[in-house]
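Chemist: Can you keep this structure in mind? I'll have questions shortly.
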Amino acid sequence: MDYRDKLVLAPMVRVGTLPFRLLAAEYGADITYGEEIIDHKLLKCERRINDVLRCTDIVEKGTESVVFRTCPEERNKVVFQMGTSDAVRALKAAQLVCKDVAAVDINMGCPKSFSLSGGMGAALLTKPELIQDILTTLKRNLHMPVTCKIRLLKSSRDTVELAQRIEKTGVSALAVHGRRVADRPRDPAKWNEIADVVAALSIPVIANGDVFEFEDFERMKVATGASCVMVARGALWNASIFSPTGKLPWEDVKREYIRKSILWDNDIKSTKQTLKEMIMHYSCLEFPEGKAVTKAETLADLAQLYGQEQYYEYVKLNQLSSTRSR
């Protein structure tokens, strides 16, 4: 994994599944993060080869729920992001997925209550010794890049000091979200404080916050000096933000996302959540399309809603043929 001059898809809960990662990569994303998955969950899983879809699944034993799905096409650019508060658990969890991903990242910036209550995400920002323990354990035992993603601390000096401690663990790169834990998405990202971190480190820094157009990638790179730029909401609303030739109409992007979700048999809840996020940005969930997406119970329902019935039948027929030929 090379962290120089890359466009990066940020980790997004219930959004960063295989179809959306492949969609972003198709439009030009160089590195794609999966959604954060908690180590406790991974320790209940096993790795399986899915011969029908030609992919690898991390499946929860007992429930048969697919926790993480990946494929050879993204092997060299997908980053597995984990939520953890324990070095031993983190290593065991990472060893389950390390054969199938390009890097492992530790979430140290999530401000959501489910992360904080478990001592994960942004809760780690106040525990530098634990951060060091987790990262050094992973670096010592995994033969692949290890990174982490943080938020800004109360002062720029505090953020720089933490970043320098993280650098000493041997991580390959550090992602910095230019907001503090208490900040909301509407609060402007503090690019100048990311620049302070960049100036203090020798490892690549991935800058994150307020990228909504392709031109913003270069603007943020120049303003911060970062090696890479990461985008979350801008990609969620229109994944073609990564295209240097300009964004495609969101209707086209949405249709392609649905086709990829059908092809990779994506979880219906994840698919609906992603579609609803797109719709809420450009339209309204109370309009007929939004209500229909909310009502949909299967991928077949969504295929019918968006005129993809023939594609759905074609994919299912191919999958059935593959199953019979095994």
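Following the order of the structure tokens, first chain is A, next is B, and so on, with residues numbered from 1 inside each chain and ligands from 1 in the order they appear.
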Dump as a tab-separated table the rows for residues of stretch 33-151 of chain A within 10 Å of stretch 317-321 of chain A: closest atom pair and distance in Å with one decimal, only C-alpha atoms counted, ordered by chain and rising residue number.

Modeler:
```
residue	atom	partner	partner_atom	distance
A:Asp51	CA	A:Gln319	CA	9.6
A:Val52	CA	A:Gln319	CA	5.9
A:Leu53	CA	A:Gln319	CA	7.2
```

Chemist: Just want the 12 Å neighbourhood of A:Gly119, counted on only C-alpha atoms, with same-chain residues fewer than 2 positions away dropped. Output as a PDB file with all heavy atoms, in the first residue's frame.

Modeler:
```
ATOM      1  N   ILE A  38     -16.505  -3.969  14.883  1.00  0.00           N
ATOM      2  CA  ILE A  38     -16.006  -4.117  16.242  1.00  0.00           C
ATOM      3  C   ILE A  38     -15.306  -5.460  16.423  1.00  0.00           C
ATOM      4  O   ILE A  38     -15.762  -6.485  15.911  1.00  0.00           O
ATOM      5  CB  ILE A  38     -17.168  -3.995  17.252  1.00  0.00           C
ATOM      6  CG1 ILE A  38     -17.942  -2.693  17.012  1.00  0.00           C
ATOM      7  CG2 ILE A  38     -16.649  -4.055  18.684  1.00  0.00           C
ATOM      8  CD1 ILE A  38     -17.111  -1.446  17.078  1.00  0.00           C
ATOM      9  N   GLY A  83     -12.916  -1.399  15.244  1.00  0.00           N
ATOM     10  CA  GLY A  83     -13.114  -0.741  16.518  1.00  0.00           C
ATOM     11  C   GLY A  83     -12.620  -1.658  17.615  1.00  0.00           C
ATOM     12  O   GLY A  83     -12.987  -2.848  17.655  1.00  0.00           O
ATOM     13  N   THR A  84     -11.774  -1.160  18.493  1.00  0.00           N
ATOM     14  CA  THR A  84     -11.197  -2.002  19.539  1.00  0.00           C
ATOM     15  C   THR A  84     -10.750  -1.154  20.720  1.00  0.00           C
ATOM     16  O   THR A  84     -10.557   0.062  20.595  1.00  0.00           O
ATOM     17  CB  THR A  84      -9.995  -2.803  19.002  1.00  0.00           C
ATOM     18  OG1 THR A  84      -9.548  -3.728  20.005  1.00  0.00           O
ATOM     19  CG2 THR A  84      -8.838  -1.882  18.630  1.00  0.00           C
ATOM     20  N   SER A  85     -10.601  -1.815  21.848  1.00  0.00           N
ATOM     21  CA  SER A  85     -10.023  -1.158  23.032  1.00  0.00           C
ATOM     22  C   SER A  85      -9.056  -2.089  23.740  1.00  0.00           C
ATOM     23  O   SER A  85      -8.721  -1.886  24.900  1.00  0.00           O
ATOM     24  CB  SER A  85     -11.143  -0.734  24.001  1.00  0.00           C
ATOM     25  OG  SER A  85     -11.875  -1.872  24.443  1.00  0.00           O
ATOM     26  N   ASP A  86      -8.608  -3.128  22.993  1.00  0.00           N
ATOM     27  CA  ASP A  86      -7.731  -4.128  23.592  1.00  0.00           C
ATOM     28  C   ASP A  86      -6.779  -4.678  22.535  1.00  0.00           C
ATOM     29  O   ASP A  86      -7.217  -5.096  21.458  1.00  0.00           O
ATOM     30  CB  ASP A  86      -8.568  -5.272  24.193  1.00  0.00           C
ATOM     31  CG  ASP A  86      -7.718  -6.341  24.833  1.00  0.00           C
ATOM     32  OD1 ASP A  86      -7.330  -6.171  26.013  1.00  0.00           O
ATOM     33  OD2 ASP A  86      -7.429  -7.346  24.160  1.00  0.00           O
ATOM     34  N   ASN A 107      -9.928   2.525  14.372  1.00  0.00           N
ATOM     35  CA  ASN A 107     -10.765   3.714  14.516  1.00  0.00           C
ATOM     36  C   ASN A 107     -10.507   4.361  15.875  1.00  0.00           C
ATOM     37  O   ASN A 107     -10.771   3.767  16.912  1.00  0.00           O
ATOM     38  CB  ASN A 107     -12.246   3.323  14.385  1.00  0.00           C
ATOM     39  CG  ASN A 107     -13.168   4.520  14.416  1.00  0.00           C
ATOM     40  OD1 ASN A 107     -12.904   5.529  15.063  1.00  0.00           O
ATOM     41  ND2 ASN A 107     -14.282   4.411  13.714  1.00  0.00           N
ATOM     42  N   MET A 108     -10.022   5.586  15.851  1.00  0.00           N
ATOM     43  CA  MET A 108      -9.781   6.339  17.082  1.00  0.00           C
ATOM     44  C   MET A 108     -10.485   7.695  17.037  1.00  0.00           C
ATOM     45  O   MET A 108     -10.097   8.629  17.738  1.00  0.00           O
ATOM     46  CB  MET A 108      -8.272   6.529  17.287  1.00  0.00           C
ATOM     47  CG  MET A 108      -7.526   5.228  17.434  1.00  0.00           C
ATOM     48  SD  MET A 108      -5.763   5.453  17.732  1.00  0.00           S
ATOM     49  CE  MET A 108      -5.215   3.735  17.762  1.00  0.00           C
ATOM     50  N   GLY A 109     -11.526   7.783  16.205  1.00  0.00           N
ATOM     51  CA  GLY A 109     -12.187   9.059  16.059  1.00  0.00           C
ATOM     52  C   GLY A 109     -13.697   9.035  16.141  1.00  0.00           C
ATOM     53  O   GLY A 109     -14.327  10.080  16.187  1.00  0.00           O
ATOM     54  N   CYS A 110     -14.299   7.842  16.165  1.00  0.00           N
ATOM     55  CA  CYS A 110     -15.767   7.768  16.157  1.00  0.00           C
ATOM     56  C   CYS A 110     -16.337   8.339  17.453  1.00  0.00           C
ATOM     57  O   CYS A 110     -15.990   7.889  18.544  1.00  0.00           O
ATOM     58  CB  CYS A 110     -16.227   6.324  15.989  1.00  0.00           C
ATOM     59  SG  CYS A 110     -18.029   6.155  15.956  1.00  0.00           S
ATOM     60  N   PRO A 111     -17.225   9.333  17.339  1.00  0.00           N
ATOM     61  CA  PRO A 111     -17.797   9.956  18.543  1.00  0.00           C
ATOM     62  C   PRO A 111     -19.121   9.338  18.979  1.00  0.00           C
ATOM     63  O   PRO A 111     -19.723   9.809  19.946  1.00  0.00           O
ATOM     64  CB  PRO A 111     -18.007  11.398  18.082  1.00  0.00           C
ATOM     65  CG  PRO A 111     -18.383  11.255  16.638  1.00  0.00           C
ATOM     66  CD  PRO A 111     -17.618  10.055  16.118  1.00  0.00           C
ATOM     67  N   LYS A 112     -19.576   8.292  18.269  1.00  0.00           N
ATOM     68  CA  LYS A 112     -20.872   7.691  18.584  1.00  0.00           C
ATOM     69  C   LYS A 112     -20.818   6.971  19.935  1.00  0.00           C
ATOM     70  O   LYS A 112     -19.791   6.419  20.327  1.00  0.00           O
ATOM     71  CB  LYS A 112     -21.277   6.705  17.489  1.00  0.00           C
ATOM     72  CG  LYS A 112     -21.381   7.325  16.098  1.00  0.00           C
ATOM     73  CD  LYS A 112     -22.561   8.284  16.005  1.00  0.00           C
ATOM     74  CE  LYS A 112     -22.652   8.930  14.635  1.00  0.00           C
ATOM     75  NZ  LYS A 112     -22.915   7.992  13.566  1.00  0.00           N
ATOM     76  N   SER A 113     -21.965   6.936  20.595  1.00  0.00           N
ATOM     77  CA  SER A 113     -22.028   6.391  21.955  1.00  0.00           C
ATOM     78  C   SER A 113     -21.648   4.926  22.019  1.00  0.00           C
ATOM     79  O   SER A 113     -21.031   4.477  22.991  1.00  0.00           O
ATOM     80  CB  SER A 113     -23.438   6.585  22.534  1.00  0.00           C
ATOM     81  OG  SER A 113     -24.411   5.966  21.708  1.00  0.00           O
ATOM     82  N   PHE A 114     -21.989   4.146  20.974  1.00  0.00           N
ATOM     83  CA  PHE A 114     -21.671   2.714  21.020  1.00  0.00           C
ATOM     84  C   PHE A 114     -20.166   2.470  21.041  1.00  0.00           C
ATOM     85  O   PHE A 114     -19.686   1.497  21.623  1.00  0.00           O
ATOM     86  CB  PHE A 114     -22.327   1.965  19.857  1.00  0.00           C
ATOM     87  CG  PHE A 114     -21.624   2.106  18.529  1.00  0.00           C
ATOM     88  CD1 PHE A 114     -20.612   1.232  18.166  1.00  0.00           C
ATOM     89  CD2 PHE A 114     -21.973   3.101  17.640  1.00  0.00           C
ATOM     90  CE1 PHE A 114     -19.963   1.360  16.949  1.00  0.00           C
ATOM     91  CE2 PHE A 114     -21.340   3.238  16.422  1.00  0.00           C
ATOM     92  CZ  PHE A 114     -20.322   2.362  16.071  1.00  0.00           C
ATOM     93  N   SER A 115     -19.405   3.378  20.399  1.00  0.00           N
ATOM     94  CA  SER A 115     -17.945   3.257  20.432  1.00  0.00           C
ATOM     95  C   SER A 115     -17.382   3.753  21.752  1.00  0.00           C
ATOM     96  O   SER A 115     -16.557   3.080  22.384  1.00  0.00           O
ATOM     97  CB  SER A 115     -17.316   4.060  19.284  1.00  0.00           C
ATOM     98  OG  SER A 115     -17.331   3.346  18.081  1.00  0.00           O
ATOM     99  N   LEU A 116     -17.842   4.917  22.177  1.00  0.00           N
ATOM    100  CA  LEU A 116     -17.322   5.514  23.409  1.00  0.00           C
ATOM    101  C   LEU A 116     -17.595   4.640  24.624  1.00  0.00           C
ATOM    102  O   LEU A 116     -16.737   4.493  25.499  1.00  0.00           O
ATOM    103  CB  LEU A 116     -17.941   6.900  23.611  1.00  0.00           C
ATOM    104  CG  LEU A 116     -17.661   7.948  22.520  1.00  0.00           C
ATOM    105  CD1 LEU A 116     -18.389   9.239  22.832  1.00  0.00           C
ATOM    106  CD2 LEU A 116     -16.167   8.199  22.395  1.00  0.00           C
ATOM    107  N   SER A 117     -18.786   4.045  24.689  1.00  0.00           N
ATOM    108  CA  SER A 117     -19.147   3.237  25.853  1.00  0.00           C
ATOM    109  C   SER A 117     -18.279   1.992  25.988  1.00  0.00           C
ATOM    110  O   SER A 117     -18.095   1.470  27.087  1.00  0.00           O
ATOM    111  CB  SER A 117     -20.624   2.832  25.778  1.00  0.00           C
ATOM    112  OG  SER A 117     -20.866   2.024  24.631  1.00  0.00           O
ATOM    113  N   GLY A 121     -13.072   3.916  19.550  1.00  0.00           N
ATOM    114  CA  GLY A 121     -13.236   5.156  18.808  1.00  0.00           C
ATOM    115  C   GLY A 121     -12.548   6.330  19.479  1.00  0.00           C
ATOM    116  O   GLY A 121     -11.389   6.233  19.916  1.00  0.00           O
ATOM    117  N   ALA A 122     -13.267   7.441  19.610  1.00  0.00           N
ATOM    118  CA  ALA A 122     -12.688   8.669  20.165  1.00  0.00           C
ATOM    119  C   ALA A 122     -12.297   8.525  21.630  1.00  0.00           C
ATOM    120  O   ALA A 122     -11.508   9.330  22.131  1.00  0.00           O
ATOM    121  CB  ALA A 122     -13.673   9.821  19.992  1.00  0.00           C
ATOM    122  N   ALA A 123     -12.812   7.499  22.311  1.00  0.00           N
ATOM    123  CA  ALA A 123     -12.427   7.278  23.715  1.00  0.00           C
ATOM    124  C   ALA A 123     -10.933   6.986  23.830  1.00  0.00           C
ATOM    125  O   ALA A 123     -10.313   7.246  24.872  1.00  0.00           O
ATOM    126  CB  ALA A 123     -13.240   6.129  24.308  1.00  0.00           C
ATOM    127  N   LEU A 124     -10.349   6.458  22.768  1.00  0.00           N
ATOM    128  CA  LEU A 124      -8.917   6.132  22.796  1.00  0.00           C
ATOM    129  C   LEU A 124      -8.035   7.384  22.776  1.00  0.00           C
ATOM    130  O   LEU A 124      -6.868   7.317  23.171  1.00  0.00           O
ATOM    131  CB  LEU A 124      -8.559   5.248  21.590  1.00  0.00           C
ATOM    132  CG  LEU A 124      -9.081   3.807  21.623  1.00  0.00           C
ATOM    133  CD1 LEU A 124      -8.829   3.122  20.290  1.00  0.00           C
ATOM    134  CD2 LEU A 124      -8.423   3.016  22.743  1.00  0.00           C
ATOM    135  N   LEU A 125      -8.577   8.504  22.322  1.00  0.00           N
ATOM    136  CA  LEU A 125      -7.773   9.719  22.187  1.00  0.00           C
ATOM    137  C   LEU A 125      -7.187  10.189  23.511  1.00  0.00           C
ATOM    138  O   LEU A 125      -6.166  10.894  23.536  1.00  0.00           O
ATOM    139  CB  LEU A 125      -8.606  10.840  21.560  1.00  0.00           C
ATOM    140  CG  LEU A 125      -9.078  10.600  20.121  1.00  0.00           C
ATOM    141  CD1 LEU A 125      -9.989  11.732  19.665  1.00  0.00           C
ATOM    142  CD2 LEU A 125      -7.892  10.452  19.171  1.00  0.00           C
ATOM    143  N   THR A 126      -7.820   9.805  24.598  1.00  0.00           N
ATOM    144  CA  THR A 126      -7.322  10.205  25.930  1.00  0.00           C
ATOM    145  C   THR A 126      -6.514   9.092  26.591  1.00  0.00           C
ATOM    146  O   THR A 126      -6.197   9.184  27.773  1.00  0.00           O
ATOM    147  CB  THR A 126      -8.502  10.588  26.846  1.00  0.00           C
ATOM    148  OG1 THR A 126      -9.394   9.464  26.967  1.00  0.00           O
ATOM    149  CG2 THR A 126      -9.256  11.779  26.278  1.00  0.00           C
ATOM    150  N   LYS A 127      -6.184   8.046  25.819  1.00  0.00           N
ATOM    151  CA  LYS A 127      -5.453   6.902  26.374  1.00  0.00           C
ATOM    152  C   LYS A 127      -4.246   6.573  25.500  1.00  0.00           C
ATOM    153  O   LYS A 127      -4.215   5.538  24.817  1.00  0.00           O
ATOM    154  CB  LYS A 127      -6.377   5.685  26.486  1.00  0.00           C
ATOM    155  CG  LYS A 127      -7.607   5.927  27.351  1.00  0.00           C
ATOM    156  CD  LYS A 127      -8.560   4.740  27.317  1.00  0.00           C
ATOM    157  CE  LYS A 127      -9.814   5.002  28.143  1.00  0.00           C
ATOM    158  NZ  LYS A 127     -10.777   3.881  28.068  1.00  0.00           N
ATOM    159  N   LEU A 130      -2.656   3.052  25.788  1.00  0.00           N
ATOM    160  CA  LEU A 130      -3.435   1.980  25.165  1.00  0.00           C
ATOM    161  C   LEU A 130      -3.304   2.039  23.646  1.00  0.00           C
ATOM    162  O   LEU A 130      -3.178   1.000  22.981  1.00  0.00           O
ATOM    163  CB  LEU A 130      -4.904   2.096  25.573  1.00  0.00           C
ATOM    164  CG  LEU A 130      -5.862   1.046  24.988  1.00  0.00           C
ATOM    165  CD1 LEU A 130      -5.378  -0.366  25.283  1.00  0.00           C
ATOM    166  CD2 LEU A 130      -7.271   1.259  25.536  1.00  0.00           C
ATOM    167  N   ILE A 131      -3.308   3.244  23.094  1.00  0.00           N
ATOM    168  CA  ILE A 131      -3.079   3.397  21.652  1.00  0.00           C
ATOM    169  C   ILE A 131      -1.752   2.767  21.255  1.00  0.00           C
ATOM    170  O   ILE A 131      -1.667   2.004  20.284  1.00  0.00           O
ATOM    171  CB  ILE A 131      -3.079   4.895  21.269  1.00  0.00           C
ATOM    172  CG1 ILE A 131      -4.488   5.465  21.339  1.00  0.00           C
ATOM    173  CG2 ILE A 131      -2.490   5.094  19.863  1.00  0.00           C
ATOM    174  CD1 ILE A 131      -4.563   6.955  21.049  1.00  0.00           C
TER     175      ILE A 131
END
```

Chemist: Which residue, A:Lys168, A:Ala173, A:Leu135, A:Asp183, has the smallest gap to A:Leu153 when you use only C-alpha atoms?

Modeler: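 Distance minimum relative to A:Leu153 lands on A:Asp183.
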
Chemist: Give the alpha helix (DSSP H) residues of stretch 136-305 of chain A, as DSSP finds them on the backbone, and put them as an MDAnalysis selection string.

Modeler: chainID A and resid 136:141 156:167 191:200 214:224 233:237 250:263 268:282 288:295 299:305

Chemist: Find the residues around A:Ala93 up to 6 Å (only C-alpha atoms counted), leave out those fewer than 5 positions away in its own chain, and share them as a PDB file with C-alpha atoms, in the first residue's frame.

Modeler:
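Result file part_21.pdb:
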```pdb
ATOM      1  CA  ASP A  39     -13.412  -6.685  17.345  1.00  0.00           C
ATOM      2  CA  LEU A  42     -15.133 -10.461  14.521  1.00  0.00           C
ATOM      3  CA  LEU A  43     -14.176 -12.930  17.228  1.00  0.00           C
TER       4      LEU A  43
END
```

Chemist: Mind checking which residues fall within 7 Å of A:Phe214, counting only C-alpha atoms, ignoring those fewer than 3 positions away in the same chain, and posting them as a list in words?

Modeler: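 Selected residues are Phe217, Ile241, Phe242 and Pro244 of chain A.
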
Chemist: For the selection you just gave me, I'd like the residues written to a file as a PDB file, in the first residue's frame, keeping N, CA, C and O atoms.

Modeler:
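Writing the result to part.pdb gives the following:
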```pdb
ATOM      1  N   PHE A 217     -10.085  18.070  -3.456  1.00  0.00           N
ATOM      2  CA  PHE A 217      -8.966  17.178  -3.153  1.00  0.00           C
ATOM      3  C   PHE A 217      -7.646  17.941  -3.223  1.00  0.00           C
ATOM      4  O   PHE A 217      -6.825  17.886  -2.308  1.00  0.00           O
ATOM      5  N   ILE A 241     -17.489  11.623  -7.306  1.00  0.00           N
ATOM      6  CA  ILE A 241     -16.642  12.739  -6.895  1.00  0.00           C
ATOM      7  C   ILE A 241     -15.166  12.435  -7.161  1.00  0.00           C
ATOM      8  O   ILE A 241     -14.352  13.339  -7.341  1.00  0.00           O
ATOM      9  N   PHE A 242     -14.817  11.156  -7.212  1.00  0.00           N
ATOM     10  CA  PHE A 242     -13.415  10.759  -7.447  1.00  0.00           C
ATOM     11  C   PHE A 242     -12.991  10.914  -8.907  1.00  0.00           C
ATOM     12  O   PHE A 242     -11.812  10.795  -9.225  1.00  0.00           O
ATOM     13  N   PRO A 244     -11.882  12.673 -12.198  1.00  0.00           N
ATOM     14  CA  PRO A 244     -11.290  13.959 -12.595  1.00  0.00           C
ATOM     15  C   PRO A 244     -12.050  14.633 -13.731  1.00  0.00           C
ATOM     16  O   PRO A 244     -11.856  15.820 -13.986  1.00  0.00           O
TER      17      PRO A 244
END
```

Chemist: Within 8 Å of stretch 161-164 of chain A, counting only C-alpha atoms, which residues qualify if same-chain residues fewer than 4 places away don't, as a short mmCIF file (atom, residue, chain, number, x, y, z; two decimals) with all heavy atoms, in the first residue's frame?

Modeler:
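Just written: part_3.cif:
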```cif
data_model
loop_
_atom_site.label_atom_id
_atom_site.label_comp_id
_atom_site.auth_asym_id
_atom_site.auth_seq_id
_atom_site.Cartn_x
_atom_site.Cartn_y
_atom_site.Cartn_z
N PRO A 128 -3.25 7.43 25.48
CA PRO A 128 -2.10 7.23 24.58
C PRO A 128 -1.35 5.93 24.83
O PRO A 128 -0.80 5.34 23.89
CB PRO A 128 -1.22 8.45 24.85
CG PRO A 128 -1.67 8.99 26.17
CD PRO A 128 -3.13 8.68 26.26
N ARG A 157 -1.61 21.68 19.68
CA ARG A 157 -0.41 21.11 20.31
C ARG A 157 -0.68 19.70 20.83
O ARG A 157 0.14 18.80 20.65
CB ARG A 157 0.05 22.02 21.45
CG ARG A 157 1.28 21.51 22.18
CD ARG A 157 1.72 22.47 23.27
NE ARG A 157 2.87 21.97 24.01
CZ ARG A 157 3.46 22.61 24.99
NH1 ARG A 157 3.03 23.81 25.37
NH2 ARG A 157 4.51 22.09 25.62
N LYS A 168 5.63 6.96 16.34
CA LYS A 168 6.70 6.13 16.93
C LYS A 168 6.33 4.65 17.02
O LYS A 168 7.20 3.81 17.21
CB LYS A 168 7.06 6.66 18.32
CG LYS A 168 7.78 8.01 18.27
CD LYS A 168 8.07 8.53 19.66
CE LYS A 168 8.76 9.89 19.62
NZ LYS A 168 8.99 10.46 20.97
N LEU A 174 -1.21 8.02 9.00
CA LEU A 174 -2.15 8.49 10.01
C LEU A 174 -3.21 9.33 9.31
O LEU A 174 -2.90 10.29 8.60
CB LEU A 174 -1.44 9.34 11.06
CG LEU A 174 -2.35 10.07 12.07
CD1 LEU A 174 -3.06 9.06 12.96
CD2 LEU A 174 -1.53 11.05 12.92
N VAL A 197 -0.21 18.96 12.06
CA VAL A 197 0.17 17.55 12.23
C VAL A 197 1.11 17.12 11.11
O VAL A 197 2.15 16.48 11.34
CB VAL A 197 -1.08 16.64 12.24
CG1 VAL A 197 -0.68 15.16 12.27
CG2 VAL A 197 -1.96 16.96 13.45
N ALA A 200 4.64 18.16 11.52
CA ALA A 200 5.37 17.56 12.64
C ALA A 200 5.75 16.10 12.41
O ALA A 200 6.53 15.53 13.18
CB ALA A 200 4.53 17.66 13.91
N LEU A 201 5.20 15.48 11.36
CA LEU A 201 5.42 14.05 11.12
C LEU A 201 6.22 13.80 9.85
O LEU A 201 6.25 14.63 8.94
CB LEU A 201 4.09 13.31 11.02
CG LEU A 201 3.11 13.39 12.20
CD1 LEU A 201 1.93 12.45 11.96
CD2 LEU A 201 3.80 13.05 13.52
#
```

Chemist: Could you give me, as a Markdown table, a per-residue list for stretch 70-110 of chain A showing, wherever an atom lies at most 12 Å from an atom of stretch 4-25 of chain A, the closest pair of atoms and their distance in Å to one decimal, using only C-alpha atoms and sorting by chain then residue number from low to high?

Modeler:
```
| residue | atom | partner | partner_atom | distance |
| --- | --- | --- | --- | --- |
| A:Thr70 | CA | A:Leu18 | CA | 6.0 |
| A:Cys71 | CA | A:Leu18 | CA | 8.0 |
| A:Pro72 | CA | A:Leu22 | CA | 11.0 |
| A:Glu73 | CA | A:Leu22 | CA | 8.2 |
| A:Glu74 | CA | A:Leu22 | CA | 7.1 |
| A:Arg75 | CA | A:Leu22 | CA | 10.8 |
| A:Asn76 | CA | A:Ala25 | CA | 11.2 |
| A:Lys77 | CA | A:Ala25 | CA | 8.6 |
| A:Val78 | CA | A:Arg21 | CA | 7.9 |
| A:Val79 | CA | A:Pro11 | CA | 8.8 |
| A:Phe80 | CA | A:Pro11 | CA | 8.9 |
| A:Gln81 | CA | A:Pro11 | CA | 7.2 |
| A:Met82 | CA | A:Pro11 | CA | 10.0 |
| A:Gly83 | CA | A:Pro11 | CA | 11.5 |
| A:Val104 | CA | A:Pro11 | CA | 12.0 |
| A:Asp105 | CA | A:Pro11 | CA | 9.9 |
| A:Ile106 | CA | A:Pro11 | CA | 10.8 |
| A:Asn107 | CA | A:Pro11 | CA | 9.1 |
| A:Met108 | CA | A:Pro11 | CA | 12.0 |
| A:Gly109 | CA | A:Pro11 | CA | 11.0 |
| A:Cys110 | CA | A:Met12 | CA | 10.2 |
```

Chemist: For A:Gly234, please output as a PyMOL selection string all residues within 12 Å (counting only C-alpha atoms; exclusion window: fewer than 2 positions along the same chain).

Modeler: chain A and resi 8-10+12+24+185+208-217+230-232+236-242+247+250+277-278+281

Chemist: What does the file look like for those residues with N, CA and C atoms, as a tab-separated table (two decimals), in the first residue's frame?

Modeler:
```tsv
chain	number	residue	atom	x	y	z
A	8	VAL	N	-8.95	8.93	-1.24
A	8	VAL	CA	-9.34	7.88	-0.30
A	8	VAL	C	-10.82	7.97	0.07
A	9	LEU	N	-11.51	6.83	0.01
A	9	LEU	CA	-12.88	6.74	0.49
A	9	LEU	C	-12.85	6.48	1.99
A	10	ALA	N	-13.54	7.32	2.75
A	10	ALA	CA	-13.54	7.22	4.21
A	10	ALA	C	-14.40	6.05	4.68
A	12	MET	N	-17.43	4.47	6.47
A	12	MET	CA	-18.78	4.96	6.80
A	12	MET	C	-19.66	3.79	7.21
A	24	ALA	N	-16.86	3.35	-5.74
A	24	ALA	CA	-15.90	4.45	-5.56
A	24	ALA	C	-14.61	4.18	-6.32
A	185	PRO	N	-21.03	17.73	11.94
A	185	PRO	CA	-20.65	17.81	10.52
A	185	PRO	C	-20.79	19.21	9.93
A	208	ASN	N	-8.80	14.59	6.21
A	208	ASN	CA	-10.22	14.30	6.06
A	208	ASN	C	-11.06	15.46	6.58
A	209	GLY	N	-12.07	15.86	5.79
A	209	GLY	CA	-13.00	16.89	6.25
A	209	GLY	C	-13.32	17.94	5.21
A	210	ASP	N	-14.59	18.04	4.83
A	210	ASP	CA	-15.10	19.08	3.92
A	210	ASP	C	-14.57	18.97	2.50
A	211	VAL	N	-14.65	17.79	1.95
A	211	VAL	CA	-14.36	17.60	0.52
A	211	VAL	C	-15.68	17.25	-0.17
A	212	PHE	N	-16.14	18.14	-1.04
A	212	PHE	CA	-17.44	17.95	-1.66
A	212	PHE	C	-17.39	18.01	-3.19
A	213	GLU	N	-16.26	18.44	-3.73
A	213	GLU	CA	-16.05	18.47	-5.18
A	213	GLU	C	-14.67	17.92	-5.48
A	214	PHE	N	-14.45	17.48	-6.73
A	214	PHE	CA	-13.14	16.92	-7.07
A	214	PHE	C	-12.03	17.94	-6.84
A	215	GLU	N	-12.31	19.21	-7.10
A	215	GLU	CA	-11.31	20.25	-6.92
A	215	GLU	C	-10.88	20.39	-5.45
A	216	ASP	N	-11.75	19.98	-4.54
A	216	ASP	CA	-11.42	20.08	-3.12
A	216	ASP	C	-10.28	19.16	-2.71
A	217	PHE	N	-10.09	18.07	-3.46
A	217	PHE	CA	-8.97	17.18	-3.15
A	217	PHE	C	-7.65	17.94	-3.22
A	230	MET	N	-8.99	12.30	2.09
A	230	MET	CA	-10.08	11.35	2.31
A	230	MET	C	-11.42	12.08	2.28
A	231	VAL	N	-12.43	11.41	1.70
A	231	VAL	CA	-13.76	12.01	1.61
A	231	VAL	C	-14.81	11.03	2.12
A	232	ALA	N	-15.79	11.56	2.87
A	232	ALA	CA	-16.88	10.74	3.38
A	232	ALA	C	-18.20	11.18	2.74
A	236	LEU	N	-20.49	9.80	-0.37
A	236	LEU	CA	-21.77	9.17	-0.09
A	236	LEU	C	-22.86	9.77	-0.98
A	237	TRP	N	-22.86	11.09	-1.12
A	237	TRP	CA	-23.88	11.76	-1.92
A	237	TRP	C	-23.69	11.52	-3.41
A	238	ASN	N	-22.44	11.37	-3.84
A	238	ASN	CA	-22.17	11.09	-5.25
A	238	ASN	C	-20.76	10.51	-5.37
A	239	ALA	N	-20.69	9.18	-5.50
A	239	ALA	CA	-19.41	8.48	-5.50
A	239	ALA	C	-18.52	8.86	-6.67
A	240	SER	N	-19.10	9.49	-7.71
A	240	SER	CA	-18.27	9.90	-8.85
A	240	SER	C	-17.47	11.16	-8.55
A	241	ILE	N	-17.49	11.62	-7.31
A	241	ILE	CA	-16.64	12.74	-6.90
A	241	ILE	C	-15.17	12.43	-7.16
A	242	PHE	N	-14.82	11.16	-7.21
A	242	PHE	CA	-13.42	10.76	-7.45
A	242	PHE	C	-12.99	10.91	-8.91
A	247	LYS	N	-18.35	15.07	-11.85
A	247	LYS	CA	-19.37	14.18	-11.29
A	247	LYS	C	-20.43	13.82	-12.33
A	250	TRP	N	-26.49	12.14	-10.26
A	250	TRP	CA	-26.63	11.23	-9.13
A	250	TRP	C	-27.59	10.07	-9.43
A	277	GLU	N	-29.59	7.87	2.27
A	277	GLU	CA	-28.66	8.98	2.48
A	277	GLU	C	-28.53	9.80	1.19
A	278	MET	N	-28.46	9.12	0.05
A	278	MET	CA	-28.39	9.82	-1.23
A	278	MET	C	-29.66	10.64	-1.46
A	281	HIS	N	-30.12	13.84	0.54
A	281	HIS	CA	-29.28	14.97	0.11
A	281	HIS	C	-29.87	15.68	-1.10
```

Chemist: Could you check how far atom CA of A:Ile268 sits from atom CA of A:Gly28, in Å to one decimal?

Modeler: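 Atom-to-atom, atom CA of A:Ile268 and atom CA of A:Gly28 are spaced 25.5 Å apart.
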
Chemist: Work out how far atom CA of A:Ala87 is from atom CA of A:Gln132, in Å to one decimal.

Modeler: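 Separation of atom CA of A:Gln132 and atom CA of A:Ala87: 9.2 Å.
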